[in-house]
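Have a look at start02.cif; it's mmCIF, C-alpha atoms:
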data_target
#
loop_
_atom_site.label_atom_id
_atom_site.label_comp_id
_atom_site.auth_asym_id
_atom_site.auth_seq_id
_atom_site.Cartn_x
_atom_site.Cartn_y
_atom_site.Cartn_z
CA MET K 1 -1.34 -6.19 100.71
CA SER K 2 -2.46 -9.27 98.92
CA PHE K 3 -2.20 -12.25 101.20
CA PRO K 4 -0.37 -14.52 101.00
CA GLN K 5 2.13 -12.44 99.15
CA PRO K 6 3.52 -13.98 95.95
CA GLN K 7 6.70 -15.98 96.46
CA PRO K 8 9.73 -15.59 94.19
CA THR K 9 10.91 -19.19 94.32
CA PRO K 10 8.26 -20.56 91.90
CA TYR K 11 9.40 -17.95 89.40
CA VAL K 12 12.98 -19.09 89.85
CA VAL K 13 12.08 -22.73 89.41
CA ASN K 14 10.02 -21.92 86.32
CA ASN K 15 12.93 -19.98 84.81
CA TYR K 16 11.45 -16.50 84.98
CA GLN K 17 14.23 -13.97 85.19
CA PHE K 18 12.44 -11.51 87.45
CA PHE K 19 10.13 -11.24 90.44
CA ASP K 20 7.46 -8.56 90.23
CA ILE K 21 5.81 -7.53 93.49
CA ASN K 22 2.74 -5.62 92.40
CA THR K 23 0.12 -5.16 95.05
CA PRO K 24 -2.06 -2.44 96.56
CA LEU K 25 -1.07 -1.19 99.99
CA SER K 26 -3.52 -1.63 102.81
CA CYS K 27 -1.59 0.15 105.54
CA PRO K 28 1.70 1.98 106.08
CA GLY K 29 3.19 -1.08 107.78
CA ASP K 30 3.10 -3.42 104.81
CA ILE K 31 6.40 -5.25 104.39
CA TYR K 32 7.19 -7.70 101.63
CA GLU K 33 10.00 -10.18 101.39
CA SER K 34 11.98 -12.20 98.91
CA ASN K 35 13.88 -15.35 99.73
CA GLN K 36 15.75 -15.09 96.43
CA GLY K 37 18.76 -12.95 95.66
CA GLY K 38 18.82 -10.54 92.76
CA HIS K 39 21.20 -8.66 90.50
CA MET K 40 19.10 -5.55 89.87
CA PHE K 41 16.26 -3.88 91.69
CA CYS K 42 14.01 -1.12 90.43
CA VAL K 43 10.65 0.51 90.94
CA GLY K 44 8.02 -1.18 88.79
CA PRO K 45 6.08 0.64 86.05
CA GLN K 46 2.77 0.57 87.89
CA SER K 47 4.03 1.77 91.24
CA ASP K 48 2.30 4.69 92.93
CA ILE K 49 4.87 4.54 95.71
CA ALA K 50 7.93 6.45 94.56
CA ASN K 51 10.47 5.55 97.23
CA ILE K 52 10.90 1.94 98.22
CA ASN K 53 13.10 0.81 101.06
CA MET K 54 15.10 -2.39 100.75
CA ALA K 55 16.88 -4.27 103.48
CA TYR K 56 19.26 -7.18 103.22
CA PHE K 57 21.52 -9.24 105.43
CA ASP K 58 24.94 -7.76 106.08
CA ASP K 59 27.39 -9.29 108.55
CA GLN K 60 28.94 -5.88 109.21
CA ALA K 61 25.70 -4.06 109.97
CA ALA K 62 25.83 -4.63 113.72
CA PRO K 63 23.82 -5.11 115.79
CA SER K 64 20.79 -5.93 113.63
CA LEU K 65 22.80 -7.30 110.65
CA LEU K 66 20.28 -5.49 108.48
CA ARG K 67 21.52 -3.08 105.82
CA GLN K 68 19.07 -0.66 104.26
CA THR K 69 18.92 1.21 100.98
CA THR K 70 16.26 2.99 98.93
CA ILE K 71 15.26 2.83 95.30
CA SER K 72 13.10 5.30 93.41
CA PRO K 73 12.12 6.14 89.82
CA THR K 74 15.34 8.09 89.58
CA ARG K 75 17.62 5.63 91.31
CA SER K 76 17.68 1.90 90.85
CA PHE K 77 20.01 -0.50 92.62
CA VAL K 78 22.40 -2.39 90.39
CA GLY K 79 24.47 -4.98 92.19
CA GLU K 80 24.06 -8.49 93.42
CA ILE K 81 22.28 -8.88 96.73
CA TYR K 82 21.98 -12.33 98.24
CA ALA K 83 19.07 -13.65 100.19
CA ARG K 84 20.83 -15.22 103.14
CA ASN K 85 18.09 -17.60 104.14
CA GLU K 86 20.32 -19.65 106.40
CA SER K 87 21.44 -16.56 108.35
CA ARG K 88 19.37 -14.69 110.93
CA TYR K 89 18.65 -11.06 111.58
CA ALA K 90 19.21 -9.96 115.15
CA PRO K 91 17.49 -9.82 117.52
CA ALA K 92 14.43 -10.87 115.53
CA ASP K 93 15.97 -14.26 114.72
CA ARG K 94 14.25 -14.23 111.36
CA PRO K 95 15.83 -15.52 108.11
CA GLY K 96 18.04 -13.08 106.23
CA VAL K 97 15.65 -12.54 103.34
CA ILE K 98 15.46 -9.33 101.31
CA LEU K 99 12.76 -7.01 102.63
CA TYR K 100 10.79 -4.33 100.79
CA TRP K 101 8.50 -1.66 102.18
CA PRO K 102 7.33 1.81 101.14
CA ALA K 103 9.46 4.71 102.29
CA ASP K 104 6.58 7.04 101.47
CA ILE K 105 3.85 7.49 104.04
CA TYR K 106 0.38 6.23 103.34
CA ASP K 107 -2.41 7.01 105.79
CA PRO K 108 -5.82 5.55 105.03
CA ASN K 109 -7.10 7.27 108.18
CA PHE K 110 -6.40 10.71 106.78
CA ARG K 111 -9.38 13.06 106.82
CA PRO K 112 -9.31 16.52 105.21
CA ARG K 113 -9.68 19.58 107.40
CA GLY K 114 -13.37 20.32 107.81
CA PHE K 115 -14.35 16.72 107.19
CA SER K 116 -17.71 15.96 108.79
CA THR K 117 -17.96 12.43 110.06
CA ASP K 118 -21.74 12.80 110.06
CA ASP K 119 -22.27 14.09 106.54
CA ASP K 120 -19.16 13.48 104.43
CA SER K 121 -17.51 10.39 103.02
CA ILE K 122 -14.02 9.67 101.73
CA GLU K 123 -12.68 7.13 99.24
CA PHE K 124 -9.04 6.17 98.76
CA VAL K 125 -7.40 4.76 95.70
CA ALA K 126 -4.95 2.47 97.47
CA PRO K 127 -1.39 3.12 96.31
CA GLN K 128 0.08 0.39 94.18
CA PHE K 129 3.37 -1.00 95.43
CA ASN K 130 5.44 -2.30 92.55
CA VAL K 131 9.07 -3.37 92.68
CA ILE K 132 10.92 -5.63 90.27
CA GLN K 133 13.81 -7.85 91.25
CA TYR K 134 15.92 -9.35 88.48
CA PHE K 135 17.46 -12.75 89.16
CA ALA K 136 20.11 -12.39 86.46
CA PRO K 137 21.86 -9.39 84.93
CA VAL K 138 19.93 -7.67 82.15
CA SER K 139 21.32 -5.36 79.52
CA SER K 140 19.33 -2.32 80.58
CA LEU K 141 17.21 -1.17 83.46
CA VAL K 142 14.32 1.28 83.07
CA PRO K 143 13.01 2.39 86.44
CA GLN K 144 10.66 5.05 85.12
CA ARG K 145 6.99 4.68 86.02
CA ILE K 146 4.19 4.85 83.51
CA ASP K 147 2.14 8.02 83.17
CA LYS K 148 -0.84 6.95 85.21
CA GLU K 149 -4.42 7.83 84.39
CA PHE K 150 -7.41 7.76 86.67
CA THR K 151 -10.90 8.20 85.30
CA PHE K 152 -14.11 8.64 87.29
CA GLN K 153 -17.60 9.44 86.12
CA ASN K 154 -20.27 8.74 88.73
CA TYR K 155 -19.98 9.13 92.49
CA ILE K 156 -21.75 8.04 95.62
CA VAL K 157 -22.13 11.35 97.43
CA PRO K 158 -23.90 11.41 100.82
CA THR K 159 -27.00 13.54 100.83
CA GLY K 160 -26.11 17.04 101.90
CA GLY K 161 -22.45 16.11 102.30
CA VAL K 162 -19.17 16.06 100.42
CA LEU K 163 -17.40 13.16 98.81
CA TYR K 164 -13.59 13.23 98.97
CA LEU K 165 -11.51 11.21 96.52
CA VAL K 166 -7.88 10.62 97.47
CA ILE K 167 -5.49 9.71 94.64
CA PRO K 168 -1.84 8.72 95.23
CA TYR K 169 0.63 11.24 93.83
CA TYR K 170 3.98 10.24 95.36
CA GLY K 171 6.93 11.70 93.52
CA ARG K 172 4.92 12.87 90.53
CA LYS K 173 6.01 16.09 88.90
CA TYR K 174 3.17 16.84 86.57
CA CYS K 175 -0.58 16.33 86.57
CA TYR K 176 -3.37 17.26 84.20
CA ILE K 177 -6.87 17.35 85.67
CA ASN K 178 -10.03 17.78 83.66
CA PHE K 179 -13.47 17.82 85.30
CA THR K 180 -16.71 18.24 83.36
CA ASN K 181 -20.17 18.37 84.89
CA ARG K 182 -22.45 16.43 82.57
CA ASN K 183 -25.43 16.49 84.90
CA ALA K 184 -28.20 18.22 83.01
CA THR K 185 -29.74 20.02 85.94
CA SER K 186 -27.50 20.17 89.02
CA ALA K 187 -24.33 22.13 89.64
CA ASN K 188 -21.41 20.35 91.30
CA THR K 189 -19.06 21.98 93.78
CA PHE K 190 -15.64 20.72 92.80
CA GLY K 191 -12.35 21.32 94.57
CA ILE K 192 -8.75 20.09 94.44
CA SER K 193 -6.25 20.03 97.24
CA ALA K 194 -3.02 18.19 97.89
CA VAL K 195 -1.68 16.57 101.01
CA ASN K 196 1.65 15.53 102.40
CA TYR K 197 1.04 12.92 105.06
CA ALA K 198 2.59 13.18 108.48
CA ILE K 199 3.04 10.72 111.29
CA THR K 200 0.18 11.90 113.44
CA GLN K 201 -2.73 10.97 115.61
CA ASP K 202 -5.62 11.07 113.16
CA ASP K 203 -8.35 11.13 115.81
CA GLY K 204 -6.72 14.10 117.56
CA SER K 205 -8.02 17.61 117.19
CA ASN K 206 -5.10 18.83 115.10
CA PRO K 207 -3.54 16.20 112.84
CA TYR K 208 -0.20 17.19 111.37
CA HIS K 209 -0.96 16.41 107.72
CA GLN K 210 -0.03 19.31 105.44
CA GLN K 211 -2.73 20.34 103.00
CA THR K 212 -2.34 22.68 100.04
CA THR K 213 -5.26 24.11 98.11
CA ILE K 214 -4.85 23.67 94.36
CA HIS K 215 -8.34 24.70 93.28
CA ALA K 216 -10.69 26.05 95.93
CA PRO K 217 -14.12 24.37 95.92
CA ALA K 218 -16.37 26.21 93.50
CA SER K 219 -19.64 25.51 91.74
CA VAL K 220 -19.32 23.96 88.31
CA SER K 221 -22.40 24.67 86.24
CA ALA K 222 -24.68 21.92 85.01
CA ASN K 223 -24.64 20.56 81.50
CA GLY K 224 -21.04 21.10 80.53
CA GLY K 225 -19.28 23.25 83.08
CA THR K 226 -15.58 22.42 83.11
CA VAL K 227 -12.56 22.79 85.37
CA THR K 228 -9.09 22.24 83.96
CA GLN K 229 -6.08 22.32 86.24
CA ILE K 230 -2.41 21.57 85.72
CA VAL K 231 -0.23 20.78 88.71
CA LYS K 232 3.51 21.19 88.29
CA ALA K 233 6.21 20.33 90.77
CA GLY K 234 8.05 23.53 89.93
CA THR K 235 4.98 25.63 90.61
CA GLN K 236 2.80 24.02 93.25
CA GLY K 237 5.22 21.48 94.74
CA MET K 238 5.29 17.73 95.24
CA PHE K 239 2.70 15.84 97.26
CA ASP K 240 1.80 12.43 98.58
CA ALA K 241 -1.79 12.56 97.35
CA LEU K 242 -4.34 14.70 95.55
CA VAL K 243 -7.73 15.18 97.17
CA PHE K 244 -10.83 15.93 95.09
CA SER K 245 -14.10 17.07 96.60
CA LEU K 246 -17.53 16.81 94.96
CA THR K 247 -21.08 17.45 96.06
CA GLN K 248 -23.08 15.83 93.29
CA SER K 249 -23.26 12.28 92.02
CA GLY K 250 -22.77 13.12 88.36
CA PRO K 251 -22.39 12.10 85.70
CA ALA K 252 -19.26 14.20 85.81
CA PRO K 253 -16.18 12.79 84.08
CA LEU K 254 -13.00 13.42 86.02
CA ARG K 255 -9.79 12.56 84.22
CA ILE K 256 -6.47 12.71 86.00
CA THR K 257 -3.20 12.10 84.16
CA MET K 258 0.06 12.25 86.09
CA SER K 259 3.67 11.87 85.07
CA ASP K 260 7.16 11.71 86.54
CA GLN K 261 8.29 14.16 83.87
CA ASP K 262 8.03 17.82 84.77
CA ALA K 263 6.54 19.17 81.54
CA SER K 264 7.33 22.79 82.22
CA MET P 1 53.11 -94.66 81.61
CA PRO P 2 53.04 -92.16 84.31
CA VAL P 3 51.01 -89.18 83.69
CA THR P 4 53.20 -86.16 83.42
CA ARG P 5 51.95 -82.94 84.57
CA ALA P 6 53.03 -79.54 83.66
CA PRO P 7 54.89 -77.62 86.29
CA VAL P 8 52.64 -75.97 88.74
CA ALA P 9 53.73 -72.56 87.58
CA ALA P 10 52.75 -73.37 84.02
CA ARG P 11 49.22 -74.26 85.06
CA MET P 12 48.73 -70.96 86.87
CA PRO P 13 46.82 -68.35 84.85
CA ALA P 14 48.56 -65.12 84.04
CA PRO P 15 48.03 -62.43 86.65
CA VAL P 16 45.21 -60.09 85.73
CA VAL P 17 44.05 -56.78 87.06
CA ALA P 18 40.92 -57.40 89.02
CA LYS P 19 37.96 -55.08 88.75
CA LEU P 20 37.63 -54.95 92.47
CA PRO P 21 40.63 -54.47 94.70
CA THR P 22 41.22 -56.51 97.72
CA PRO P 23 39.06 -55.00 100.45
CA SER P 24 41.11 -52.99 102.83
CA LEU P 25 40.60 -53.13 106.53
CA ASN P 26 41.94 -49.62 106.83
CA PRO P 27 38.87 -47.34 107.12
CA SER P 28 40.87 -44.35 105.89
CA VAL P 29 41.37 -45.89 102.46
CA ALA P 30 38.47 -45.48 100.07
CA GLN P 31 37.26 -48.53 98.20
CA VAL P 32 37.17 -47.75 94.51
CA SER P 33 37.08 -50.19 91.65
CA ALA P 34 40.19 -50.53 89.54
CA PRO P 35 40.20 -48.89 86.12
CA ALA P 36 38.56 -50.85 83.32
CA VAL P 37 40.53 -51.61 80.20
CA THR P 38 37.52 -51.56 77.90
CA VAL P 39 34.87 -48.98 77.23
CA GLY P 40 31.24 -49.89 77.60
CA GLY P 41 28.71 -48.19 75.40
CA SER P 42 26.72 -46.82 78.28
CA GLU P 43 29.79 -45.11 79.64
CA ASN P 44 29.79 -42.65 76.75
CA ARG P 45 26.39 -41.36 77.68
CA LEU P 46 25.96 -37.61 78.00
CA GLU P 47 23.92 -36.36 80.93
CA ILE P 48 22.14 -33.02 80.68
CA SER P 49 19.89 -31.91 83.48
CA THR P 50 18.86 -29.10 85.78
CA TYR P 51 19.60 -29.44 89.44
CA ILE P 52 17.53 -27.35 91.81
CA THR P 53 19.24 -26.70 95.10
CA THR P 54 17.73 -26.79 98.53
CA VAL P 55 18.60 -24.35 101.28
CA GLY P 56 21.27 -25.09 103.82
CA ASN P 57 21.86 -28.77 103.02
CA VAL P 58 25.06 -30.19 101.61
CA ALA P 59 24.16 -32.49 98.74
CA VAL P 60 26.11 -34.69 96.35
CA LEU P 61 25.90 -33.04 92.95
CA TYR P 62 28.02 -35.59 91.08
CA ASN P 63 29.36 -38.92 92.22
CA GLY P 64 32.48 -39.94 90.35
CA ASP P 65 32.86 -43.39 91.80
CA ARG P 66 32.96 -45.09 88.41
CA MET P 67 34.10 -42.61 85.83
CA TRP P 68 36.22 -39.58 85.12
CA ALA P 69 34.00 -36.80 83.88
CA LYS P 70 33.84 -33.22 82.81
CA VAL P 71 31.06 -31.51 84.77
CA THR P 72 29.84 -28.12 83.56
CA LEU P 73 27.67 -26.09 85.91
CA THR P 74 25.81 -22.89 85.12
CA MET P 75 23.88 -21.10 87.83
CA ARG P 76 20.82 -19.46 86.37
CA THR P 77 19.84 -17.09 89.19
CA ALA P 78 21.59 -15.20 91.94
CA GLY P 79 22.26 -17.93 94.45
CA PRO P 80 24.58 -17.91 96.35
CA VAL P 81 25.68 -21.44 95.58
CA ALA P 82 29.00 -23.03 96.51
CA VAL P 83 30.48 -26.18 94.99
CA GLY P 84 33.40 -28.19 96.24
CA GLN P 85 34.97 -31.62 96.54
CA ASN P 86 34.63 -31.53 100.30
CA ASN P 87 31.32 -32.06 102.01
CA GLN P 88 32.18 -29.50 104.72
CA LEU P 89 30.94 -26.57 102.66
CA LEU P 90 28.81 -24.69 105.15
CA PRO P 91 28.47 -21.77 105.63
CA VAL P 92 27.86 -21.09 101.96
CA LEU P 93 30.02 -17.96 101.88
CA SER P 94 32.79 -19.42 104.02
CA GLY P 95 35.12 -19.99 101.09
CA ARG P 96 35.28 -23.73 101.60
CA GLY P 97 33.77 -24.17 98.18
CA GLN P 98 33.77 -22.21 94.97
CA LEU P 99 30.90 -19.79 94.41
CA LEU P 100 29.16 -20.13 91.08
CA GLN P 101 28.42 -17.01 89.04
CA THR P 102 25.11 -16.34 87.37
CA GLY P 103 25.08 -17.33 83.73
CA ILE P 104 28.78 -18.21 83.60
CA PRO P 105 29.58 -21.90 82.96
CA THR P 106 32.04 -23.39 85.40
CA VAL P 107 33.85 -26.57 84.41
CA PHE P 108 35.19 -29.21 86.75
CA ASN P 109 37.20 -32.21 85.56
CA VAL P 110 36.31 -34.70 88.22
CA ALA P 111 38.71 -37.56 88.64
CA LYS P 112 37.38 -40.98 89.40
CA GLY P 113 36.82 -41.43 93.08
CA ASN P 114 35.86 -37.81 93.72
CA ARG P 115 32.52 -36.25 94.35
CA LEU P 116 31.14 -32.79 93.79
CA TYR P 117 29.15 -31.37 96.67
CA ILE P 118 26.85 -28.38 96.51
CA VAL P 119 25.27 -26.05 99.05
CA ALA P 120 23.05 -22.99 98.59
CA SER P 121 21.41 -20.16 100.50
CA ALA P 122 18.42 -20.01 98.19
CA VAL P 123 16.55 -22.38 95.93
CA THR P 124 18.57 -22.11 92.74
CA PRO P 125 18.41 -23.93 89.40
CA ILE P 126 21.77 -25.17 88.16
CA SER P 127 22.18 -26.26 84.55
CA MET P 128 24.35 -29.35 84.61
CA VAL P 129 26.16 -31.20 81.84
CA VAL P 130 28.15 -34.36 82.60
CA GLU P 131 30.44 -35.54 79.82
CA ALA P 132 32.14 -38.79 80.70
CA PHE P 133 35.78 -39.45 79.96
CA PRO P 134 35.67 -43.21 79.21
CA TRP P 135 38.94 -43.04 77.26
CA LEU P 136 40.67 -41.57 80.28
CA GLU P 137 39.39 -44.45 82.31
CA THR P 138 40.64 -46.89 79.68
CA ILE P 139 44.05 -45.25 79.48
CA THR P 140 44.34 -45.40 83.22
CA GLY P 141 43.31 -49.03 83.21
CA LEU P 142 45.69 -50.03 80.41
CA ALA P 143 48.52 -48.17 82.03
CA GLY P 144 47.87 -49.93 85.28
CA SER P 145 47.53 -53.28 83.54
CA ALA P 146 50.78 -52.88 81.67
CA SER P 147 52.79 -51.81 84.66
CA GLY P 148 51.01 -53.73 87.33
CA VAL P 149 50.45 -50.46 89.04
CA VAL P 150 46.89 -49.65 89.92
CA PRO P 151 46.07 -46.13 91.03
CA VAL P 152 43.39 -46.17 93.64
CA GLN P 153 41.86 -42.99 95.06
CA GLY P 154 45.00 -40.98 94.90
CA HIS P 155 47.15 -43.73 96.44
CA ILE P 156 49.56 -45.80 94.38
CA SER P 157 49.28 -49.46 95.18
CA THR P 158 52.41 -51.27 94.08
CA GLY P 159 51.37 -54.71 95.18
CA LYS P 160 49.92 -57.15 92.71
CA LEU P 161 46.28 -57.84 93.19
#
Using structure tokens, write down the structure from this file.
Amino acid sequence: MSFPQPQPTPYVVNNYQFFDINTPLSCPGDIYESNQGGHMFCVGPQSDIANINMAYFDDQAAPSLLRQTTISPTRSFVGEIYARNESRYAPADRPGVILYWPADIYDPNFRPRGFSTDDDSIEFVAPQFNVIQYFAPVSSLVPQRIDKEFTFQNYIVPTGGVLYLVIPYYGRKYCYINFTNRNATSANTFGISAVNYAITQDDGSNPYHQQTTIHAPASVSANGGTVTQIVKAGTQGMFDALVFSLTQSGPAPLRITMSDQDAS
Amino acid sequence: MPVTRAPVAARMPAPVVAKLPTPSLNPSVAQVSAPAVTVGGSENRLEISTYITTVGNVAVLYNGDRMWAKVTLTMRTAGPVAVGQNNQLLPVLSGRGQLLQTGIPTVFNVAKGNRLYIVASAVTPISMVVEAFPWLETITGLAGSASGVVPVQGHISTGKL
């Protein structure tokens, strides 16, 4: 989370009609707040998080006075929600602001099965958390996320080990992956798997994360060897993240394009 | 030759309506100036502004001590914001005031001697237009002058000032 988080009130004073929280997550416990009410709430275009929880002050929601709902790329919230700054949640005794946090799980301590702490390394693309709150009614609301593209070319791979790249994939229904080994002399062992995170003890012997192999690690020949893979929700399923494994520093362009549309 | 004087009554000026009423010792009666019978140029002035609320404090949005006025308020964001003639507006959603609606102008014709109070749960910009009614003030003043009746803060004072 970027700190301090952006505040909506300057946008209100400066006559913006929306508040756009757009920040990378640092941990599953990130919570954001707005001390301004809104008329419409939707997932932002750049969000990697698909399901976003919202909470607001409700006198009838005893005993906490906190009412909760969820928005996603397929379901926005249209309706006026006040920020009740002069009221207090119970028993926290905190102002009745609107709260946002990811409903999807993100675990930066995840390690793939077989991960060697001595030889391997892992890199995460932190999920982007993007939610838009409109201060006034607008004529239309488009909650759909953009088709996101990730492009990599060179990698820092530990000698004799494996580099794992973890890319957020929450709620996506289609993905096109294209890997090409442009190293002139060395082969690169490339693999793709997917993970659904679980609430688990990561330093235990048997973490509960669920991993699915999409493309088993296999050698990709030097000087132009290519792997192309399409992941469809209707075929392989839906996942929280995609995990790519490589054994050579490249150059090896890896292009990942994902969409909310199931192009079947 | 003895100097003749006019009768005492003849030397007395005609009764006029004073600008300021006789101060009352009754604390429950508001002290408001009597209506003017002429219109000053400055009283026709239009006031256009943006009022930005604070949270949880009752504030005077418009003070109608001198002039009748049409006050138009438009809330630009979600609020909630309540407006009323009574300063006991809290809590905001208590119904003691009227809640403004986003983007919808709300008009109040504020009689002289009244105030508009405002309270909000969030910092909220309010577009505000104050259009004075100097002719209404003049009509009131002329009517009072002609009849010797001076309306003061909702009370009718029948005594000559």
Interface, chain P side, toward chain K (12 Å; all atoms listed in the file) as a VMD selection string: chain P and resid 50 to 57 75 to 81 90 to 93 101 to 104 119 to 127
As a check of understanding, name the residues that the PyMOL selection byres ((chain P and resi 107) around 6) selects in the supplied structure, as number ranges by chain. P: 71-72, 106, 108
Quick one: distance from CA of Gln5 (chain K) to CA of Ile31 (chain K) in Å, one decimal? 9.9 Å
For this structure, which residues satisfy the selection - the PyMOL selection byres ((chain K and resi 63-67) around 10) - when it is evaluated on the file as given? I want them as a CSV table (one decimal) with C-alpha atoms, in the frame of the given file.
chain,number,residue,atom,x,y,z
K,54,MET,CA,15.1,-2.4,100.8
K,55,ALA,CA,16.9,-4.3,103.5
K,56,TYR,CA,19.3,-7.2,103.2
K,57,PHE,CA,21.5,-9.2,105.4
K,58,ASP,CA,24.9,-7.8,106.1
K,59,ASP,CA,27.4,-9.3,108.6
K,60,GLN,CA,28.9,-5.9,109.2
K,61,ALA,CA,25.7,-4.1,110.0
K,62,ALA,CA,25.8,-4.6,113.7
K,68,GLN,CA,19.1,-0.7,104.3
K,69,THR,CA,18.9,1.2,101.0
K,87,SER,CA,21.4,-16.6,108.4
K,88,ARG,CA,19.4,-14.7,110.9
K,89,TYR,CA,18.6,-11.1,111.6
K,90,ALA,CA,19.2,-10.0,115.2
K,91,PRO,CA,17.5,-9.8,117.5
K,92,ALA,CA,14.4,-10.9,115.5
K,93,ASP,CA,16.0,-14.3,114.7
K,96,GLY,CA,18.0,-13.1,106.2
K,97,VAL,CA,15.6,-12.5,103.3
K,98,ILE,CA,15.5,-9.3,101.3
K,99,LEU,CA,12.8,-7.0,102.6
Got a sec to check which residues sit within 12 Å of (6.3, 23.2, 94.7), counting only C-alpha atoms, and write them as a short mmCIF file (atom, residue, chain, number, x, y, z; two decimals) with C-alpha atoms, in the frame of the given file?
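Below you can see point00.cif, which holds the result:
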data_model
loop_
_atom_site.label_atom_id
_atom_site.label_comp_id
_atom_site.auth_asym_id
_atom_site.auth_seq_id
_atom_site.Cartn_x
_atom_site.Cartn_y
_atom_site.Cartn_z
CA GLY K 171 6.93 11.70 93.52
CA ARG K 172 4.92 12.87 90.53
CA LYS K 173 6.01 16.09 88.90
CA TYR K 174 3.17 16.84 86.57
CA ALA K 194 -3.02 18.19 97.89
CA ASN K 196 1.65 15.53 102.40
CA THR K 212 -2.34 22.68 100.04
CA ILE K 214 -4.85 23.67 94.36
CA VAL K 231 -0.23 20.78 88.71
CA LYS K 232 3.51 21.19 88.29
CA ALA K 233 6.21 20.33 90.77
CA GLY K 234 8.05 23.53 89.93
CA THR K 235 4.98 25.63 90.61
CA GLN K 236 2.80 24.02 93.25
CA GLY K 237 5.22 21.48 94.74
CA MET K 238 5.29 17.73 95.24
CA PHE K 239 2.70 15.84 97.26
CA ASP K 262 8.03 17.82 84.77
#
Please, what distance in Å, to one decimal, runs between CA of Ser26 (chain K) and CA of Pro108 (chain K)? 7.9 Å
What does the structure give for the distance between CA of Tyr170 (chain K) and CA of Asn188 (chain K), in Å to one decimal?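 Value for the CA of Tyr170 (chain K)-CA of Asn188 (chain K) distance: 27.6 Å.
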Pick out the residues sitting within 12 Å of Phe179 (chain K), and hand them over as number ranges by chain; count all atoms listed in the file, and ignore anything fewer than 3 positions along from it in its own chain. K: 150-154, 176, 182, 188-192, 215, 219-222, 224-230, 244-246, 250-257
Non-local contacts of His209 (chain K) (10 Å; all atoms listed in the file; under 5 positions in same chain excluded) as a list of chain:residue names: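 So the residues in contact are K:Asp107, K:Phe110, K:Arg111, K:Pro112, K:Arg113, K:Val195, K:Asn196, K:Tyr197, K:Ala198, K:Ile199, K:Thr200, K:Gln201, K:Asp202.
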Quick one: residues within 12 Å of (-30.8, 21.4, 99.9) (file frame), counting all atoms listed in the file, please, as a PyMOL selection string. chain K and resi 159-161+186+247-248
Written as a list in words, what is the full residue list that the PyMOL selection byres ((chain P and resi 64) around 8) yields on the file shown?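 Residues picked by the PyMOL selection byres ((chain P and resi 64) around 8): Tyr62, Asn63, Asp65, Arg66, Met67, Trp68, Ala69, Val110, Ala111, Lys112, Gly113, Asn114 and Arg115 of chain P.
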Identify, on the basis of all atoms listed in the file, every residue whose closest approach to Arg145 (chain K) does not exceed 8 Å; exclude the query and any residue fewer than 6 positions from it along the same chain; express the result as a list in words.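 Within the cut-off, the hits are Val43, Gly44, Pro45, Gln46, Ser47, Pro73, Ser259 and Asp260 of chain K.
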Measuring atom to atom with only C-alpha atoms, identify which of K:Asp119, K:Glu149, K:Asp48, K:Glu33 is nearest to Asp104 (chain K).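 The closest residue to Asp104 (chain K) is K:Asp48.
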Neighbouring residues of Glu123 (chain K) were defined as those with any atom within 10 Å, considering only C-alpha atoms; residues of the same chain fewer than 2 positions away were excluded. Please report them as a PyMOL selection string. chain K and resi 108+121+125-126+156+163-167+243-244
Go ahead and dump the residues you just picked, C-alpha atoms, as a PDB file, in the coordinates of the input.
ATOM      1  CA  PRO K 108      -5.820   5.550 105.030  1.00  0.00           C
ATOM      2  CA  SER K 121     -17.510  10.390 103.020  1.00  0.00           C
ATOM      3  CA  VAL K 125      -7.400   4.760  95.700  1.00  0.00           C
ATOM      4  CA  ALA K 126      -4.950   2.470  97.470  1.00  0.00           C
ATOM      5  CA  ILE K 156     -21.750   8.040  95.620  1.00  0.00           C
ATOM      6  CA  LEU K 163     -17.400  13.160  98.810  1.00  0.00           C
ATOM      7  CA  TYR K 164     -13.590  13.230  98.970  1.00  0.00           C
ATOM      8  CA  LEU K 165     -11.510  11.210  96.520  1.00  0.00           C
ATOM      9  CA  VAL K 166      -7.880  10.620  97.470  1.00  0.00           C
ATOM     10  CA  ILE K 167      -5.490   9.710  94.640  1.00  0.00           C
ATOM     11  CA  VAL K 243      -7.730  15.180  97.170  1.00  0.00           C
ATOM     12  CA  PHE K 244     -10.830  15.930  95.090  1.00  0.00           C
TER      13      PHE K 244
END
